[in-house]
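Notes follow once the structure below has been shown.
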Amino acid sequence: MGEPGWRRLVLALAFCFVVGLDQVGPVHAQFQSFRVAPNDTTVIQGDNVILPCAVDNIQGALQWAKGGFVLGYDYSIPGFPRYTVEGNFGIGEYNMVIRDAKLTDDDEFQCQILPTSTHPLLQAIMWLTVMVPPETPVIVGYSNGSDVNVQQTTTEVNLTCRVDNGKPAPEVTWLKNNEPATELVQYSTERLSNKLINAKSIIALKPRREDNGAIYSCRATHKALRGRVLETYIRLSVFHPPDPPTITGYNQNDILRTGQTVTLQCTSVGGNPLAQVVWYKNDQQIDFSYTTGGNRAVNDLAFTVDSTDNNAVYRCEVTNVVHTLPMVASVTLKVYFSPEKVTINGHQNARAGETITLSCISAKSNPASVITWISRGRQLSGAVSAVVPSPEGGYITTSNISVKLTDQENNVVYACQGTNDQLGETTRTEVSLRVLYPPFPPTIEGYTENTSIRAGTIQKLKCLCMGGNPIATLTWWKGDKQMPAVDKSVGTIASSEISFIAKEDDNQASYRCNATNPATAEPLIVSVKLTVHFPPKSVTITTDPPVAKANEKLTVTCTSSSSNPASVITWWKDGSVVKSIAAGVADAENGGIKTSNKLEITLSPSNDMDTYECQARNDVLAMTVHDAITLDVLFPPIFSGTPPQISVVEGEYVVTNFTGIANPPVTNYTWFKHGTKLKLSKLNLSRTRRDLTIAHFYAAGGVLNMTNVSRADKGEYRVEATNGQGIGKVNFTLDVQYPAAITKITTPVYADNGDTAFIECLAEANPVVPNMIKWSRAGYTMSPAKTRQVYGEGKSFLTVYNVSKHDSGAFVCTAQNGIGSSATKIAELLVKYAPEIDKSPMYAKAASDKGMTGKLTCRAKGVPVVEFTWLKGNTVLNTTHAKYRAVTKKIDTVTYESNLHVMNVSQSDYATYICKGKNALGEDQTSVSLDGTSKPDVPYNISVVAVNGHSVTLGWTPGFNGGLVTTFRVRYRALGTDASAFKYADTSSNNKFILTELSPNTRYEITVKAINKKGESTYQMKSIQATTKPEKTGQVILGINDSVVVILALSVSLSVIMGVTIVVVIFCIRRRRQRLRREQAASDAASSRNSSAPANTIEMYAPSDRPLYPNGGTYIDDQSYNTYDKNMDDFATDSYRSFDDDEDVKRVFLPQPPNNPQAQRYTPAPRSSPAVDTQRTFMVPENPNVPGEFISPPRGTNARPYVGNDTDNRYYAEQLRQNQLQRSLGAVQPDLVRAQLI
C-alpha cells in the first residue's frame, strides 16, 4: 500500500471512531456537511491557486492537511508563508490560497472539520498537480542555428533533441524546412526523482546532395507554456564536389598587344563547400583572391599585357575538401610587342680622317623590328642587318654602319630607329661624333704660397682649364694619392675644386692639378706648397731616478710632440700651476718643433699617488694637450681611517680589514691582544682546500676573521704591518654584543583579594638599552590605573593594584635589546579565593554500562590549591579503595579537575554523587548523576566565530555525551530555500567546525545536533544565521580543498627542484675530479721539464682618488673589483669567495674605492713612463708547489670591517664545518658540501 493509501486508511478509521462515539450520544437533526468540497486541481508553476472548501452548519474546528500532515488552526499557516486560509468564515468558506505555486506544492491536500460530541468528522481529499514548463529544446552536440557538416557518402546521421525538466512530459516534433519530417523518429521520456520529466526525440537522416542547406527544427509544446512553442534548429550542410571550371575573357589565337588590359575569369559552379579558385602562370601561382556568391566561386585575373605573356600558359585550378585533386582549365596567349629601345655601340670620338663603325641593336620585338640609319635628315645606305631569336621571347635585330670623319663631322648627329611593322611602332636613339684637340695649361686659385693656414680648418683649392675638344678632365693629387674633387664645366672652361681639413702633414706638402683630354699625350700640370700651423698631439713624461722613495728628490720631465710654432709647457697639480724649469726645444716631424720642461720634487709618503699634469700649449692656435703621471712613492706601512672600535653579535663572525697602506705592499701582519701576540692560522696559496685548517681566529694579510665570536673575545687589540720600508701599528677595541637573557623572575606570587602584588624580572645583555624589559599578558588590560611598570638598569618591577581573582594568571616578562631574539619568562600571579565549581550541564551527568568503569568529572577554580572530596549520599567515599579511584589534575594556574572512577559499575552504583571542593578560604559543592549510557543531549550556545566569502567558523557547547564517544552533525541551508536544500556536515570536533564551499554574500540558517552509538539528539531549536562576505573583485579565496591542492603542488615542485639539485651535485663532483686530475698531470709534467715554471700574469691598475685633468678633462677610467684568484678559494668568507669553477678565470678581490662623485679618472699613463707604476702584478704559478704572491688592496682605500648578516653567518658556519671535516671526509665530501651551498 502506497503512502497516500495508508494515510487515507488512518483518516477513515479515525472518522469511524468519531462516528461511533457520535452514535452513543444524542442524535441531532442536521450534521455539519460540505457545501463545496475541494476537487483535484491543476496549476502552472508560479501561478496562484485556490482550493475551495465551504461547510454548512460547521461545529468542529477546521484545518487543512498537506501530504498527510496537518497545517494547524492558524489560518496564516506558520512555516508556509505562501499558504493562507481565506474566505467568508461567517458563511463557512475556508478556501486554501497558495501563491506562487512551486513543485513542492504538488501533493495531496485535505480539508478537515474535527468532530464534536454531536457532529461527525468531515474530510475531503483532493490532489494538487503543479505543471512545470520544460526548458528550451537542445539538439545534443550543436548550438541553436549551427551547421551540421556531413559527407554525401555518409550512410546515416542521428540527431538527438532533449527537452528537460518539464511536468508532465512535453510533446516533441521534428520539422524539415518548416514541414513535418518524414524520417524515422524515436521518442522516449525519463522521470527524475524531483517529479520532473526529461523528454528525448531521435531522428535518423540519410543525407543527399539536395539536402544541403535544409533546416531541421526540434519543436516542444506543453500545457504550461500557455500556447507558446519552444524551438531550436540546425542547418544541414552536405559536402559534395564542384563542377569543372570554365575560362572566359580570351579566345584562343587572339592577338594581344603589350599595354593592353586583359581580364581572365575562371568560374566554378556548385560544390559544398564552394571551391577554391587559383590562377597559375607558367606553373607559378599568381592569384588566390577568388570570390563566392550564389552557387559559384569566381576568380577574376586582371593584368596589363607585356612581352612575357607571349606564349604564356594561364591555368585555373579548382578544389574543395571533397575533391582534393584539382580540376583544371587553361589558355595560351599570343602577344605582339615593339622593342623597348635601340642601343648604339662604337667609338664616337676620333681625329679627322679616321673611320669608325657604329652598331645599332634593338631590344626584343615580336615580330622582328626593322632598323634604319638617319643623318642630316636623310636615310643612310650601306648598313648590314641580322635577326636572331631572343631567349626571353621575340626577336633581336642588329645593324652595323661605317662612317669616315672629316673636319666638318664635329658634333654631327647619327640616329638609329627600330620599327615593328605589324604594330606600326618605332623606337629611336642617336649619337654625336666629335673631332678631338688639346686644352690650354691649367691654373690654381684659393691659396697664395708662404701664407699660413690653421690645422683643423677647411681649405679649398680650385683648378681652372680653358679650351680643348672635348673640354679637359681635371684631377687633384697630393703626392701619389688622388684627392676627391667636385668638377664643373661652363662652355669650354673646366673647373675642379677640392675641400679638405688641414692637418699637420699638410705643412710643406705639395698639391697639384693635372689636366687631360683624349688629344693630350701627357697631362698639363700646375702645383702649390702649403704652410700649416698645428698644435702638439701628445706629451711624454719621464722620471729620474726611475724608483721614487720618501725623503728623496725626484726629477719629472715632460716633452711635447711636434708643434708649429713651438708649444709652451706648464705643470699643474690639484688645479694649480706648479713652478717648473724650461729644458729647451728641438726640430721635429712635419716641420714642427718639440719642447721640454721639468719638475724637481722632494718626496714624502703623502706624495704617493699624487698626480701631476703636464700641459703643452700652442699659443698661436690657443690649443692644449695634456697628460699626467701618478707618483709611485715607496714608504713604510701606515693605517688610515681604521675604526677605534668594532661591534659584533655573539655567535656571529666578524671580518676586520686593517690592511695597511704601504709601498711596497705589506709583507707581514702581526696581531696582539692585550699586548700578547696571537697565534693565528695563515693563508698558504700553495696549499689546496683539502689541506686548510680553520682556527678560531684566522688571518689573511690585514684581514682578521673571528668566527663564532664569544664574550671572551672582547678586549683591546693591536696589529703591526711590515714591509721593506719599515713597520706600522694601529690599536682597536672589540665589543662583543649578545642578546638579553632573563636571569631571575619572581614566581609564583600569592596575594589576598584587594592587596597590591609585586613581581620582579632581571636580565643580562650587551648593550643594555632603555626599556629593555617589558611586561605583558594576553587578553589583559595593562592600564596605568591597574598596573605600573618601573625599569631600572637591567631589571623591571611590575606592580598590580587592588588584585582580585580575575587578575590571577601568567604575566610575561620580555627582554629585548635589539640583538637576536627576545627572551621571555612567565610569572604567575595567584589571588586567593574560595573554590568555585563549574556546574555546567556537561559535568552534571555521567554514564556507564554495567560492568564497565564510570567516570564522573568535577572542575573547580580557586587559590590556593583546591582539594576534592567525593560523597555518595552522606557517605564520604574512600577513593583509595578498589571500588573508587579519584584522580586530580591542574588545568591552569587556578583551575583544578577531579575525576572519580567507579569500577565495575552495578545497578546500585546508579545514583547521585556529591563533589566538594575546598581550600583555606572556603568550599563549594555540586551533584553528579551516574546512570546508564544514553543518547547525547542537545548542544547549546551555538555561535559564529568567524566569517569570510566561502566559509563560516562555528562554535558550540556540547551537552552531556551520554557516557559515549560523541560526534556532531551540522545542518545548514541558504535562507529562503525549502527543506530539500538542507546540507549536512559531520565532525568529531567537540566544540568547533568550519563550513566550507559556501556561496559569497549569502545568508545561511545553521543548527547542530549530537550523535553517539545510542542515538541522536534533536537539532538545537535555536538555530543561528550567518551571512558570508561578498567576494572581492580579482580576489582568489581558497577553501580547505584549494589549500590542499596548493600544498600538493608546492610539494611536487620542491621535489622536482631537489631532484635537479642532486643531478647538478653529481655533475659538479665528477667535473671537479677530472679537473684535479688534469691539474695534477700538468703539474707533474711541468715539474719534470723545468723547476722554474713560467707564470700566468694578471695586471690591474690601482684606483686614483684625485682628478687627473682638473681643468675640464672628461675621460673616466672604469675600475673592476669583482675578481679573485682561483688559488684563494680557501679564503672562506662571502666577502672574498666566489664559487666559479672556471679554470680559465683568475681574479683578485679588492675593496671598492671610496665613492667620490667629484673625482674624474683618466686612462693610466703609458707603461713606457718608468714612474707611472700604477700596475700591480700577481704571479699565479702554473706549478701548484710554487707559492704565489699575495696582493694587498690599493693604497688610499678606507677599509671597513665586514660583519655578515644571518644568511652570511649560516654560509660561513657551513664553510667552517666543511674545512674542519676535510681530513676525515677525504677529497670528495667538501665538493659535495660546496655544490649544495651553490
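Note on naming: chains are A, B, ... as they come in the C-alpha cells, residues start from 1 per chain, ligands start from 1 in the order shown.
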Practice prompt. Would you kindly return, as a PyMOL selection string, each protein, DNA or RNA residue with an atom no farther than 6 Å from any atom of region 347-364 of chain A, considering only C-alpha atoms and excluding same-chain residues fewer than 5 positions away?
Written response: chain A and resi 339-342+394-407+433-436
Same residues, N, CA and C atoms, saved as a CSV table (one decimal), in the first residue's frame:
```
chain,number,residue,atom,x,y,z
A,339,PRO,N,60.0,46.9,-79.8
A,339,PRO,CA,61.2,46.9,-79.0
A,339,PRO,C,61.1,48.1,-78.0
A,340,GLU,N,61.5,47.9,-76.8
A,340,GLU,CA,61.5,48.9,-75.8
A,340,GLU,C,62.5,50.0,-76.1
A,341,LYS,N,63.7,49.7,-76.7
A,341,LYS,CA,64.7,50.6,-77.0
A,341,LYS,C,65.6,50.1,-78.1
A,342,VAL,N,66.5,51.0,-78.7
A,342,VAL,CA,67.6,50.6,-79.5
A,342,VAL,C,68.8,51.2,-78.9
A,394,GLY,N,60.4,36.6,-78.6
A,394,GLY,CA,60.5,37.6,-79.7
A,394,GLY,C,61.9,37.5,-80.4
A,395,TYR,N,62.3,38.7,-81.0
A,395,TYR,CA,63.5,38.6,-81.9
A,395,TYR,C,64.3,39.9,-81.6
A,396,ILE,N,65.7,39.8,-81.8
A,396,ILE,CA,66.6,40.9,-81.7
A,396,ILE,C,67.2,41.2,-83.1
A,397,THR,N,67.2,42.5,-83.5
A,397,THR,CA,67.8,42.9,-84.8
A,397,THR,C,69.0,43.7,-84.6
A,398,THR,N,70.1,43.4,-85.3
A,398,THR,CA,71.4,44.2,-85.2
A,398,THR,C,71.7,44.8,-86.6
A,399,SER,N,72.2,46.1,-86.6
A,399,SER,CA,72.6,46.8,-87.9
A,399,SER,C,73.9,47.5,-87.7
A,400,ASN,N,74.9,47.3,-88.6
A,400,ASN,CA,76.2,48.0,-88.5
A,400,ASN,C,76.4,48.9,-89.7
A,401,ILE,N,77.0,50.1,-89.4
A,401,ILE,CA,77.3,51.1,-90.5
A,401,ILE,C,78.7,51.7,-90.2
A,402,SER,N,79.5,52.0,-91.3
A,402,SER,CA,80.8,52.7,-91.1
A,402,SER,C,80.8,54.1,-91.6
A,403,VAL,N,81.5,55.0,-90.8
A,403,VAL,CA,81.5,56.5,-91.1
A,403,VAL,C,82.9,57.0,-91.1
A,404,LYS,N,83.3,57.8,-92.1
A,404,LYS,CA,84.7,58.4,-92.1
A,404,LYS,C,84.5,59.8,-91.7
A,405,LEU,N,85.4,60.3,-90.6
A,405,LEU,CA,85.3,61.6,-90.1
A,405,LEU,C,86.1,62.6,-90.9
A,406,THR,N,85.6,63.8,-91.1
A,406,THR,CA,86.3,65.0,-91.7
A,406,THR,C,86.2,66.1,-90.8
A,407,ASP,N,86.9,67.3,-91.1
A,407,ASP,CA,86.8,68.4,-90.2
A,407,ASP,C,85.4,68.9,-90.0
A,433,LEU,N,79.1,62.6,-83.2
A,433,LEU,CA,80.5,62.3,-83.5
A,433,LEU,C,81.3,63.6,-83.3
A,434,ARG,N,82.5,63.5,-82.6
A,434,ARG,CA,83.3,64.7,-82.4
A,434,ARG,C,84.7,64.5,-82.9
A,435,VAL,N,85.4,65.7,-83.3
A,435,VAL,CA,86.8,65.7,-83.7
A,435,VAL,C,87.6,66.3,-82.5
A,436,LEU,N,88.7,65.7,-82.0
A,436,LEU,CA,89.4,66.0,-80.8
A,436,LEU,C,90.6,66.9,-81.0
```
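Residues of region 330-513 of chain A that DSSP, applied to the backbone, places in helix (DSSP H, G or I): Asp407, Gln408, Glu409, Glu504, Asp505 and Asp506 of chain A.
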With all heavy atoms kept, could you save the residues just selected as a PDB file, in the first residue's frame?
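Okay, this is what ended up in selection00.pdb:
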```
ATOM      1  N   ASP A 407      86.878  67.259 -91.107  1.00  0.00           N
ATOM      2  CA  ASP A 407      86.829  68.436 -90.241  1.00  0.00           C
ATOM      3  C   ASP A 407      85.401  68.924 -90.048  1.00  0.00           C
ATOM      4  O   ASP A 407      85.081  69.602 -89.062  1.00  0.00           O
ATOM      5  CB  ASP A 407      87.687  69.576 -90.849  1.00  0.00           C
ATOM      6  CG  ASP A 407      89.175  69.221 -90.802  1.00  0.00           C
ATOM      7  OD1 ASP A 407      89.526  68.335 -89.989  1.00  0.00           O
ATOM      8  OD2 ASP A 407      89.952  69.810 -91.555  1.00  0.00           O
ATOM      9  N   GLN A 408      84.506  68.617 -91.037  1.00  0.00           N
ATOM     10  CA  GLN A 408      83.126  69.073 -90.953  1.00  0.00           C
ATOM     11  C   GLN A 408      82.224  68.107 -90.150  1.00  0.00           C
ATOM     12  O   GLN A 408      81.025  68.362 -89.991  1.00  0.00           O
ATOM     13  CB  GLN A 408      82.534  69.255 -92.363  1.00  0.00           C
ATOM     14  CG  GLN A 408      83.086  70.431 -93.136  1.00  0.00           C
ATOM     15  CD  GLN A 408      84.482  70.161 -93.675  1.00  0.00           C
ATOM     16  OE1 GLN A 408      84.834  69.019 -93.938  1.00  0.00           O
ATOM     17  NE2 GLN A 408      85.295  71.234 -93.790  1.00  0.00           N
ATOM     18  N   GLU A 409      82.799  66.997 -89.654  1.00  0.00           N
ATOM     19  CA  GLU A 409      81.984  65.997 -88.976  1.00  0.00           C
ATOM     20  C   GLU A 409      81.800  66.276 -87.478  1.00  0.00           C
ATOM     21  O   GLU A 409      81.138  65.510 -86.792  1.00  0.00           O
ATOM     22  CB  GLU A 409      82.612  64.595 -89.143  1.00  0.00           C
ATOM     23  CG  GLU A 409      82.629  64.086 -90.570  1.00  0.00           C
ATOM     24  CD  GLU A 409      81.234  63.792 -91.075  1.00  0.00           C
ATOM     25  OE1 GLU A 409      80.324  63.512 -90.257  1.00  0.00           O
ATOM     26  OE2 GLU A 409      81.031  63.859 -92.296  1.00  0.00           O
ATOM     27  N   GLU A 504      98.537  68.305 -39.741  1.00  0.00           N
ATOM     28  CA  GLU A 504      99.966  68.532 -39.542  1.00  0.00           C
ATOM     29  C   GLU A 504     100.780  68.138 -40.765  1.00  0.00           C
ATOM     30  O   GLU A 504     101.722  68.848 -41.161  1.00  0.00           O
ATOM     31  CB  GLU A 504     100.462  67.733 -38.329  1.00  0.00           C
ATOM     32  CG  GLU A 504      99.772  68.105 -37.029  1.00  0.00           C
ATOM     33  CD  GLU A 504      98.636  67.165 -36.708  1.00  0.00           C
ATOM     34  OE1 GLU A 504      97.685  67.117 -37.522  1.00  0.00           O
ATOM     35  OE2 GLU A 504      98.695  66.474 -35.681  1.00  0.00           O
ATOM     36  N   ASP A 505     100.434  66.980 -41.390  1.00  0.00           N
ATOM     37  CA  ASP A 505     101.255  66.527 -42.520  1.00  0.00           C
ATOM     38  C   ASP A 505     101.016  67.340 -43.792  1.00  0.00           C
ATOM     39  O   ASP A 505     101.647  67.111 -44.814  1.00  0.00           O
ATOM     40  CB  ASP A 505     101.017  65.036 -42.788  1.00  0.00           C
ATOM     41  CG  ASP A 505      99.559  64.739 -43.107  1.00  0.00           C
ATOM     42  OD1 ASP A 505      98.748  65.676 -43.119  1.00  0.00           O
ATOM     43  OD2 ASP A 505      99.232  63.548 -43.315  1.00  0.00           O
ATOM     44  N   ASP A 506     100.068  68.309 -43.750  1.00  0.00           N
ATOM     45  CA  ASP A 506      99.918  69.230 -44.880  1.00  0.00           C
ATOM     46  C   ASP A 506     100.949  70.347 -44.852  1.00  0.00           C
ATOM     47  O   ASP A 506     101.092  71.107 -45.828  1.00  0.00           O
ATOM     48  CB  ASP A 506      98.499  69.828 -44.867  1.00  0.00           C
ATOM     49  CG  ASP A 506      97.442  68.816 -45.247  1.00  0.00           C
ATOM     50  OD1 ASP A 506      97.729  67.961 -46.107  1.00  0.00           O
ATOM     51  OD2 ASP A 506      96.334  68.855 -44.668  1.00  0.00           O
TER      52      ASP A 506
END
```
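Taking CA of Lys553 (chain A) and CA of Val625 (chain A) as the two end points, the separation is 27.0 Å.
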Worksheet item: Tell me, which residues of region 421-611 of chain A carry DSSP strand (DSSP E or B), written as an MDAnalysis selection string?
Response: chainID A and resid 425:435 437 443:445 452:454 458:466 469 473:478 481:483 486:490 493:501 510:516 524:529 531:534 539:544 548:549 553:560 563:564 568:573 576:578 581:587 593:602 611
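Using only C-alpha atoms, the smallest distance between any of A:Cys53, A:Gln110, A:Phe993, A:Glu716 and Asn88 (chain A) comes from A:Cys53.
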Worksheet item: What lies within 12 Å of Thr953 (chain A) using only C-alpha atoms, ignoring chain neighbours under 4 positions off, as a PyMOL selection string?
Response: chain A and resi 942-949+970+991-996+998+1006+1026-1028
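In this structure, CA of Val85 (chain A) sits 18.6 Å away from CA of Thr42 (chain A).
Taking CA of Asn753 (chain A) as the reference point, CA of Ile914 (chain A) is found at 28.5 Å.
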Fill in: Distance query Ala65 (chain A) at most 10 Å, only C-alpha atoms, self and fewer than 3 positions along chain excluded, as a ChimeraX atom specification
/A:68-72,108-112,123,125
Please dump the current selection as a tab-separated table (two decimals), in the first residue's frame; keep all heavy atoms.
```tsv
chain	number	residue	atom	x	y	z
A	68	GLY	N	-0.65	14.44	4.29
A	68	GLY	CA	-0.87	13.67	5.48
A	68	GLY	C	-0.50	14.37	6.76
A	68	GLY	O	-0.70	13.84	7.85
A	69	PHE	N	0.05	15.58	6.67
A	69	PHE	CA	0.43	16.34	7.86
A	69	PHE	C	-0.44	17.58	7.97
A	69	PHE	O	-0.53	18.37	7.01
A	69	PHE	CB	1.90	16.73	7.78
A	69	PHE	CG	2.83	15.55	7.76
A	69	PHE	CD1	3.32	15.05	6.57
A	69	PHE	CD2	3.20	14.92	8.96
A	69	PHE	CE1	4.15	13.96	6.54
A	69	PHE	CE2	4.04	13.83	8.93
A	69	PHE	CZ	4.52	13.33	7.74
A	70	VAL	N	-1.07	17.73	9.15
A	70	VAL	CA	-1.98	18.86	9.32
A	70	VAL	C	-1.19	20.15	9.42
A	70	VAL	O	-0.04	20.15	9.89
A	70	VAL	CB	-2.85	18.65	10.57
A	70	VAL	CG1	-3.77	17.45	10.41
A	70	VAL	CG2	-1.98	18.50	11.82
A	71	LEU	N	-1.82	21.26	8.97
A	71	LEU	CA	-1.15	22.56	8.92
A	71	LEU	C	-1.55	23.44	10.09
A	71	LEU	O	-1.08	24.57	10.20
A	71	LEU	CB	-1.46	23.26	7.60
A	71	LEU	CG	-1.05	22.49	6.34
A	71	LEU	CD1	-1.42	23.29	5.10
A	71	LEU	CD2	0.43	22.18	6.36
A	72	GLY	N	-2.46	23.00	10.95
A	72	GLY	CA	-2.79	23.76	12.15
A	72	GLY	C	-4.02	24.63	11.98
A	72	GLY	O	-4.61	24.74	10.90
A	108	GLU	N	-1.00	15.87	-1.99
A	108	GLU	CA	-2.38	15.65	-1.58
A	108	GLU	C	-2.77	16.67	-0.52
A	108	GLU	O	-1.99	16.95	0.40
A	108	GLU	CB	-2.53	14.23	-1.00
A	108	GLU	CG	-3.92	13.93	-0.45
A	108	GLU	CD	-3.93	12.61	0.31
A	108	GLU	OE1	-3.63	12.65	1.53
A	108	GLU	OE2	-4.22	11.59	-0.31
A	109	PHE	N	-3.95	17.28	-0.64
A	109	PHE	CA	-4.47	18.25	0.34
A	109	PHE	C	-5.82	17.74	0.87
A	109	PHE	O	-6.60	17.10	0.13
A	109	PHE	CB	-4.64	19.63	-0.31
A	109	PHE	CG	-3.35	20.35	-0.54
A	109	PHE	CD1	-2.57	20.08	-1.66
A	109	PHE	CD2	-2.89	21.28	0.38
A	109	PHE	CE1	-1.38	20.73	-1.87
A	109	PHE	CE2	-1.70	21.94	0.17
A	109	PHE	CZ	-0.94	21.68	-0.96
A	110	GLN	N	-6.08	18.02	2.16
A	110	GLN	CA	-7.36	17.64	2.78
A	110	GLN	C	-7.93	18.86	3.52
A	110	GLN	O	-7.21	19.59	4.18
A	110	GLN	CB	-7.16	16.51	3.80
A	110	GLN	CG	-6.71	15.20	3.20
A	110	GLN	CD	-6.61	14.12	4.28
A	110	GLN	OE1	-7.25	14.24	5.34
A	110	GLN	NE2	-5.85	13.07	3.98
A	111	CYS	N	-9.22	19.01	3.39
A	111	CYS	CA	-9.95	19.98	4.21
A	111	CYS	C	-10.66	19.17	5.30
A	111	CYS	O	-11.50	18.32	5.01
A	111	CYS	CB	-10.95	20.77	3.36
A	111	CYS	SG	-11.90	21.99	4.31
A	112	GLN	N	-10.30	19.40	6.57
A	112	GLN	CA	-10.82	18.58	7.68
A	112	GLN	C	-11.61	19.47	8.67
A	112	GLN	O	-11.16	20.58	9.00
A	112	GLN	CB	-9.68	17.90	8.43
A	112	GLN	CG	-8.84	16.97	7.59
A	112	GLN	CD	-7.69	16.39	8.42
A	112	GLN	OE1	-7.48	16.78	9.56
A	112	GLN	NE2	-6.96	15.46	7.80
A	123	GLN	N	-14.09	15.27	6.17
A	123	GLN	CA	-12.83	15.48	5.45
A	123	GLN	C	-13.06	15.26	3.96
A	123	GLN	O	-13.87	14.41	3.58
A	123	GLN	CB	-11.74	14.53	5.96
A	123	GLN	CG	-12.03	13.06	5.74
A	123	GLN	CD	-10.86	12.19	6.19
A	123	GLN	OE1	-9.89	12.68	6.69
A	123	GLN	NE2	-10.99	10.88	5.99
A	125	ILE	N	-10.68	15.02	0.34
A	125	ILE	CA	-9.31	14.85	-0.17
A	125	ILE	C	-9.27	15.26	-1.63
A	125	ILE	O	-10.15	14.89	-2.42
A	125	ILE	CB	-8.85	13.39	0.00
A	125	ILE	CG1	-8.90	12.98	1.48
A	125	ILE	CG2	-7.46	13.20	-0.57
A	125	ILE	CD1	-8.59	11.51	1.72
```
